[in-house]
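Here the structure is laid out as structure tokens; the discussion comes afterwards.
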Amino acid sequence: SCFRPLLMKIVDPMDMGDFKEITHSIFKIMKEAGIPKAFAAVLNEVMPIVIEETPEVEALDVEEKLKVCVDIAVAIITHYCKEKRHGEEVMILIMDDVIFLNEHSWKLLLSLANSVESLPLFILITTRPMTVSYCATYAKDPRPWFEKLKGMPETTLVRLEPLPDDVIYRIVCQSLRVNDCPPELAHFVIQEAHGNPNIIRDFVYILEEGERLFTIEAGVVKLRKEINWEHLKRNVRCPRSVRLLISRQVDRLSHKAQIMLKIGALIG
């Protein structure tokens, strides 16, 4: 399902919604890939189109339909890349947080990754750490697919390391709109943030507005007197993930705003 917008953009580039033109494009690509057009109706499962089912499709079970879907999707994207090659253009496919991909999306991604050497295609993916405890919450462990992707000769793995303390210090100052901040405050934030820039601003907000730890007067940060840093460390939790960060931000909204946000999330 995560590939649906891309596939629709390829078969319907002008977003005209012309069913006849869309099916014509799909049949043409399938013929080039050696896939009988009798199987085109499997795309009804993953794309907002309706192609009449054939006896060949009716004979397939759900898993078989999804496998054919993957084959057709690979053919569509490969066809698009080959057309771009003539114009010396490169298709850049960016996928965020691939830990959430389902089995068939992984298979599609791996098939594309196998073809990058012969296509004008650059694939950039990101993922949170795939630890045993984290992946245990999924119906199917994504780590074998990720390991297979990492092991491909075309793959370059880049690990994001924690930011250095001096960079975190500058982000703290920028968040507070000051040139300098007290060493004790900077040290506390650096220790708790673990080099993650995404959570610093929210954590600083918690310390300022929630804990009343300091005030800012004329561009100078003034700490509250007699701060027990060890007590703060035990009782004031720095958000450890972007998900928790967003959850805290939502919690700060009024009840009415939270209801509107939930309605908007349902509508999409």
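Just remember, in the structure tokens the first chain shown is A, the second B, etc., residues are 1-based per chain, and ligands are 1-based in the order shown.
The neighbours of Lys31 in chain A here are the residues that come within 12 Å of it, using only C-alpha atoms and leaving out any residue fewer than 6 positions away in the same chain; they are A:His24, A:Ser25, A:Lys37, A:Ala38, A:Phe39, A:Ala40, A:Ile72, A:Ala75, A:Ile76, A:His79.
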Restricting the output to N, CA and C atoms, write the selected residues as a PDB file, in the first residue's frame.
```
ATOM      1  N   HIS A  24      -4.786   0.829 -20.196  1.00  0.00           N
ATOM      2  CA  HIS A  24      -3.954   0.676 -21.397  1.00  0.00           C
ATOM      3  C   HIS A  24      -2.476   0.717 -21.027  1.00  0.00           C
ATOM      4  N   SER A  25      -2.108   1.659 -20.147  1.00  0.00           N
ATOM      5  CA  SER A  25      -0.710   1.770 -19.699  1.00  0.00           C
ATOM      6  C   SER A  25      -0.273   0.512 -18.947  1.00  0.00           C
ATOM      7  N   LYS A  37      -1.900 -10.276 -19.382  1.00  0.00           N
ATOM      8  CA  LYS A  37      -2.803  -9.217 -18.904  1.00  0.00           C
ATOM      9  C   LYS A  37      -4.031  -9.782 -18.188  1.00  0.00           C
ATOM     10  N   ALA A  38      -4.218 -11.089 -18.301  1.00  0.00           N
ATOM     11  CA  ALA A  38      -5.340 -11.725 -17.594  1.00  0.00           C
ATOM     12  C   ALA A  38      -5.207 -11.576 -16.085  1.00  0.00           C
ATOM     13  N   PHE A  39      -3.966 -11.288 -15.619  1.00  0.00           N
ATOM     14  CA  PHE A  39      -3.733 -11.155 -14.180  1.00  0.00           C
ATOM     15  C   PHE A  39      -3.809  -9.697 -13.700  1.00  0.00           C
ATOM     16  N   ALA A  40      -4.157  -8.767 -14.578  1.00  0.00           N
ATOM     17  CA  ALA A  40      -4.157  -7.341 -14.212  1.00  0.00           C
ATOM     18  C   ALA A  40      -5.118  -7.022 -13.072  1.00  0.00           C
ATOM     19  N   ILE A  72       3.960  -7.144 -10.840  1.00  0.00           N
ATOM     20  CA  ILE A  72       3.460  -6.080 -11.729  1.00  0.00           C
ATOM     21  C   ILE A  72       3.989  -4.720 -11.271  1.00  0.00           C
ATOM     22  N   ALA A  75       7.442  -4.289 -12.337  1.00  0.00           N
ATOM     23  CA  ALA A  75       7.463  -4.044 -13.786  1.00  0.00           C
ATOM     24  C   ALA A  75       7.113  -2.594 -14.105  1.00  0.00           C
ATOM     25  N   ILE A  76       6.120  -2.044 -13.404  1.00  0.00           N
ATOM     26  CA  ILE A  76       5.705  -0.654 -13.652  1.00  0.00           C
ATOM     27  C   ILE A  76       6.828   0.319 -13.312  1.00  0.00           C
ATOM     28  N   HIS A  79       9.798  -0.101 -15.711  1.00  0.00           N
ATOM     29  CA  HIS A  79       9.467   0.506 -17.007  1.00  0.00           C
ATOM     30  C   HIS A  79       9.662   2.025 -16.949  1.00  0.00           C
TER      31      HIS A  79
END
```
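The spacing separating CA of Leu7 in chain A from CA of Asp97 in chain A amounts to 19.6 Å.
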request  = Using only C-alpha atoms, pick whichever of A:Phe188, A:Asn44, A:Ser133, A:Ile216 has the shortest atom-to-atom distance to His231 in chain A.
outcome  = A:Phe188
message = Quick one: residues within 10 Å of Arg128 in chain A, only C-alpha atoms, excluding same-chain residues fewer than 6 positions away - as a VMD selection string?
response = chain A and resid 96 to 100 134 241
With C-alpha atoms kept, could you save the residues just selected as a compact mmCIF listing (two decimals), in the first residue's frame?
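Once everything was written out, this is out-v7.txt:
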```txt
# COMPACT_ATOMS: atom_id res chain seq x y z
CA ASP A 96 10.95 6.54 5.62
CA ASP A 97 10.75 4.22 8.63
CA VAL A 98 10.80 0.96 6.66
CA ILE A 99 10.44 -0.99 9.89
CA PHE A 100 6.68 -0.58 9.32
CA TYR A 134 11.13 -3.53 19.20
CA SER A 241 11.50 8.97 20.67
```
inquiry  = For Cys135 in chain A, find every residue with an atom within 12 Å (counting only C-alpha atoms), except residues of its own chain fewer than 4 positions away, and show them as a ChimeraX atom specification.
reply    = /A:98-101,127-131,139-144,146
inquiry  = Need the shell around Tyr205 in chain A: protein/DNA/RNA residues with any atom at most 12 Å away, counting only C-alpha atoms. Skip same-chain ones fewer than 5 positions apart. Format as a ChimeraX atom specification?
reply    = /A:172,175-176,189,199-200,210-215,236,238-239,245,248-249,252
request  = Within range 31-264 of chain A, find each residue whose DSSP state, derived from the backbone, is strand (DSSP E), and express the selection as a ChimeraX atom specification.
outcome  = /A:91-95,121-125,214-217,220-223
Output C-alpha atoms for every residue in the selection just made, as an mmCIF file, in the first residue's frame.
```
data_model
loop_
_atom_site.group_PDB
_atom_site.id
_atom_site.type_symbol
_atom_site.label_atom_id
_atom_site.label_comp_id
_atom_site.auth_asym_id
_atom_site.auth_seq_id
_atom_site.Cartn_x
_atom_site.Cartn_y
_atom_site.Cartn_z
ATOM 1 C CA MET A 91 14.473 8.352 -10.208
ATOM 2 C CA ILE A 92 14.990 8.849 -6.477
ATOM 3 C CA LEU A 93 12.776 6.676 -4.288
ATOM 4 C CA ILE A 94 12.716 7.731 -0.626
ATOM 5 C CA MET A 95 11.116 5.480 1.990
ATOM 6 C CA LEU A 121 17.286 4.426 -9.782
ATOM 7 C CA PHE A 122 18.501 5.616 -6.382
ATOM 8 C CA ILE A 123 16.746 4.230 -3.308
ATOM 9 C CA LEU A 124 17.091 5.966 0.050
ATOM 10 C CA ILE A 125 15.511 4.298 3.067
ATOM 11 C CA PHE A 214 14.588 29.030 34.695
ATOM 12 C CA THR A 215 13.461 32.340 33.238
ATOM 13 C CA ILE A 216 14.906 34.395 30.402
ATOM 14 C CA GLU A 217 15.429 38.098 31.023
ATOM 15 C CA VAL A 220 20.023 35.898 29.766
ATOM 16 C CA VAL A 221 18.990 32.536 31.220
ATOM 17 C CA LYS A 222 18.480 32.753 34.995
ATOM 18 C CA LEU A 223 18.192 29.487 36.881
#
```
ask   = Which is closest to Gly17 in chain A among A:Ala33, A:Cys181, A:Ile49, A:Ala265, if we use only C-alpha atoms?
value = A:Ile49
key: Who sits within 12 Å of range 65-69 of chain A, only C-alpha atoms, same chain under 4 positions skipped, as a ChimeraX atom specification   = /A:1,3-4,7,26,30,35-47,53,56-61,73-76,102-108,111
task = Enumerate as a ChimeraX atom specification all residues of range 62-198 of chain A assigned to helix (DSSP H, G or I) by DSSP on the backbone, naming them with the chain letters and numbers the document uses.
result = /A:62-85,98-100,103-118,132-135,143-150,165-176,183-193,197-198
Compile the contact shell of range 153-161 of chain A as a PDB file with all heavy atoms, in the first residue's frame: residues with an atom at most 9 Å away, counting only C-alpha atoms, same-chain residues fewer than 3 positions apart removed.
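Okay, this is what ended up in out27.pdb:
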```pdb
ATOM      1  N   ALA A 113      15.725  -3.107  -5.364  1.00  0.00           N
ATOM      2  CA  ALA A 113      17.124  -2.957  -4.969  1.00  0.00           C
ATOM      3  C   ALA A 113      18.032  -3.862  -5.797  1.00  0.00           C
ATOM      4  O   ALA A 113      19.182  -3.501  -6.109  1.00  0.00           O
ATOM      5  CB  ALA A 113      17.286  -3.272  -3.482  1.00  0.00           C
ATOM      6  N   ASN A 114      17.536  -5.030  -6.193  1.00  0.00           N
ATOM      7  CA  ASN A 114      18.312  -5.942  -7.040  1.00  0.00           C
ATOM      8  C   ASN A 114      18.538  -5.383  -8.432  1.00  0.00           C
ATOM      9  O   ASN A 114      19.444  -5.825  -9.142  1.00  0.00           O
ATOM     10  CB  ASN A 114      17.592  -7.293  -7.159  1.00  0.00           C
ATOM     11  CG  ASN A 114      17.995  -8.257  -6.061  1.00  0.00           C
ATOM     12  OD1 ASN A 114      19.157  -8.314  -5.683  1.00  0.00           O
ATOM     13  ND2 ASN A 114      17.037  -9.003  -5.545  1.00  0.00           N
ATOM     14  N   VAL A 116      18.889  -1.943  -9.159  1.00  0.00           N
ATOM     15  CA  VAL A 116      19.425  -0.576  -9.211  1.00  0.00           C
ATOM     16  C   VAL A 116      20.691  -0.459 -10.049  1.00  0.00           C
ATOM     17  O   VAL A 116      20.964   0.591 -10.630  1.00  0.00           O
ATOM     18  CB  VAL A 116      19.702  -0.017  -7.788  1.00  0.00           C
ATOM     19  CG1 VAL A 116      18.419   0.179  -7.029  1.00  0.00           C
ATOM     20  CG2 VAL A 116      20.658  -0.915  -7.016  1.00  0.00           C
ATOM     21  N   GLU A 117      21.458  -1.535 -10.127  1.00  0.00           N
ATOM     22  CA  GLU A 117      22.710  -1.464 -10.878  1.00  0.00           C
ATOM     23  C   GLU A 117      22.471  -1.236 -12.368  1.00  0.00           C
ATOM     24  O   GLU A 117      23.273  -0.603 -13.056  1.00  0.00           O
ATOM     25  CB  GLU A 117      23.524  -2.747 -10.665  1.00  0.00           C
ATOM     26  CG  GLU A 117      24.962  -2.635 -11.162  1.00  0.00           C
ATOM     27  CD  GLU A 117      25.788  -3.847 -10.803  1.00  0.00           C
ATOM     28  OE1 GLU A 117      25.229  -4.835 -10.295  1.00  0.00           O
ATOM     29  OE2 GLU A 117      27.004  -3.800 -11.030  1.00  0.00           O
ATOM     30  N   LEU A 149      18.746  -6.760   2.619  1.00  0.00           N
ATOM     31  CA  LEU A 149      18.985  -5.491   1.926  1.00  0.00           C
ATOM     32  C   LEU A 149      20.379  -4.955   2.231  1.00  0.00           C
ATOM     33  O   LEU A 149      21.100  -4.494   1.336  1.00  0.00           O
ATOM     34  CB  LEU A 149      17.923  -4.475   2.348  1.00  0.00           C
ATOM     35  CG  LEU A 149      17.943  -3.114   1.643  1.00  0.00           C
ATOM     36  CD1 LEU A 149      17.637  -3.278   0.165  1.00  0.00           C
ATOM     37  CD2 LEU A 149      16.950  -2.158   2.290  1.00  0.00           C
ATOM     38  N   LYS A 150      20.775  -5.033   3.504  1.00  0.00           N
ATOM     39  CA  LYS A 150      22.110  -4.565   3.896  1.00  0.00           C
ATOM     40  C   LYS A 150      23.212  -5.358   3.210  1.00  0.00           C
ATOM     41  O   LYS A 150      24.287  -4.830   2.911  1.00  0.00           O
ATOM     42  CB  LYS A 150      22.290  -4.673   5.415  1.00  0.00           C
ATOM     43  CG  LYS A 150      21.627  -3.589   6.221  1.00  0.00           C
ATOM     44  CD  LYS A 150      22.226  -3.463   7.615  1.00  0.00           C
ATOM     45  CE  LYS A 150      22.351  -4.759   8.338  1.00  0.00           C
ATOM     46  NZ  LYS A 150      22.895  -4.596   9.702  1.00  0.00           N
ATOM     47  N   PRO A 164      27.558  15.678  18.591  1.00  0.00           N
ATOM     48  CA  PRO A 164      28.526  16.042  19.635  1.00  0.00           C
ATOM     49  C   PRO A 164      27.930  17.028  20.636  1.00  0.00           C
ATOM     50  O   PRO A 164      26.975  17.756  20.328  1.00  0.00           O
ATOM     51  CB  PRO A 164      29.675  16.698  18.855  1.00  0.00           C
ATOM     52  CG  PRO A 164      29.419  16.461  17.420  1.00  0.00           C
ATOM     53  CD  PRO A 164      27.989  16.073  17.254  1.00  0.00           C
ATOM     54  N   GLY A 195      22.289  13.020  22.498  1.00  0.00           N
ATOM     55  CA  GLY A 195      22.697  13.397  21.152  1.00  0.00           C
ATOM     56  C   GLY A 195      21.598  13.455  20.120  1.00  0.00           C
ATOM     57  O   GLY A 195      21.861  13.561  18.922  1.00  0.00           O
ATOM     58  N   ASN A 196      20.327  13.380  20.555  1.00  0.00           N
ATOM     59  CA  ASN A 196      19.199  13.408  19.620  1.00  0.00           C
ATOM     60  C   ASN A 196      18.653  14.829  19.492  1.00  0.00           C
ATOM     61  O   ASN A 196      18.030  15.340  20.426  1.00  0.00           O
ATOM     62  CB  ASN A 196      18.093  12.470  20.112  1.00  0.00           C
ATOM     63  CG  ASN A 196      16.974  12.311  19.094  1.00  0.00           C
ATOM     64  OD1 ASN A 196      16.809  13.113  18.198  1.00  0.00           O
ATOM     65  ND2 ASN A 196      16.197  11.253  19.237  1.00  0.00           N
TER      66      ASN A 196
END
```
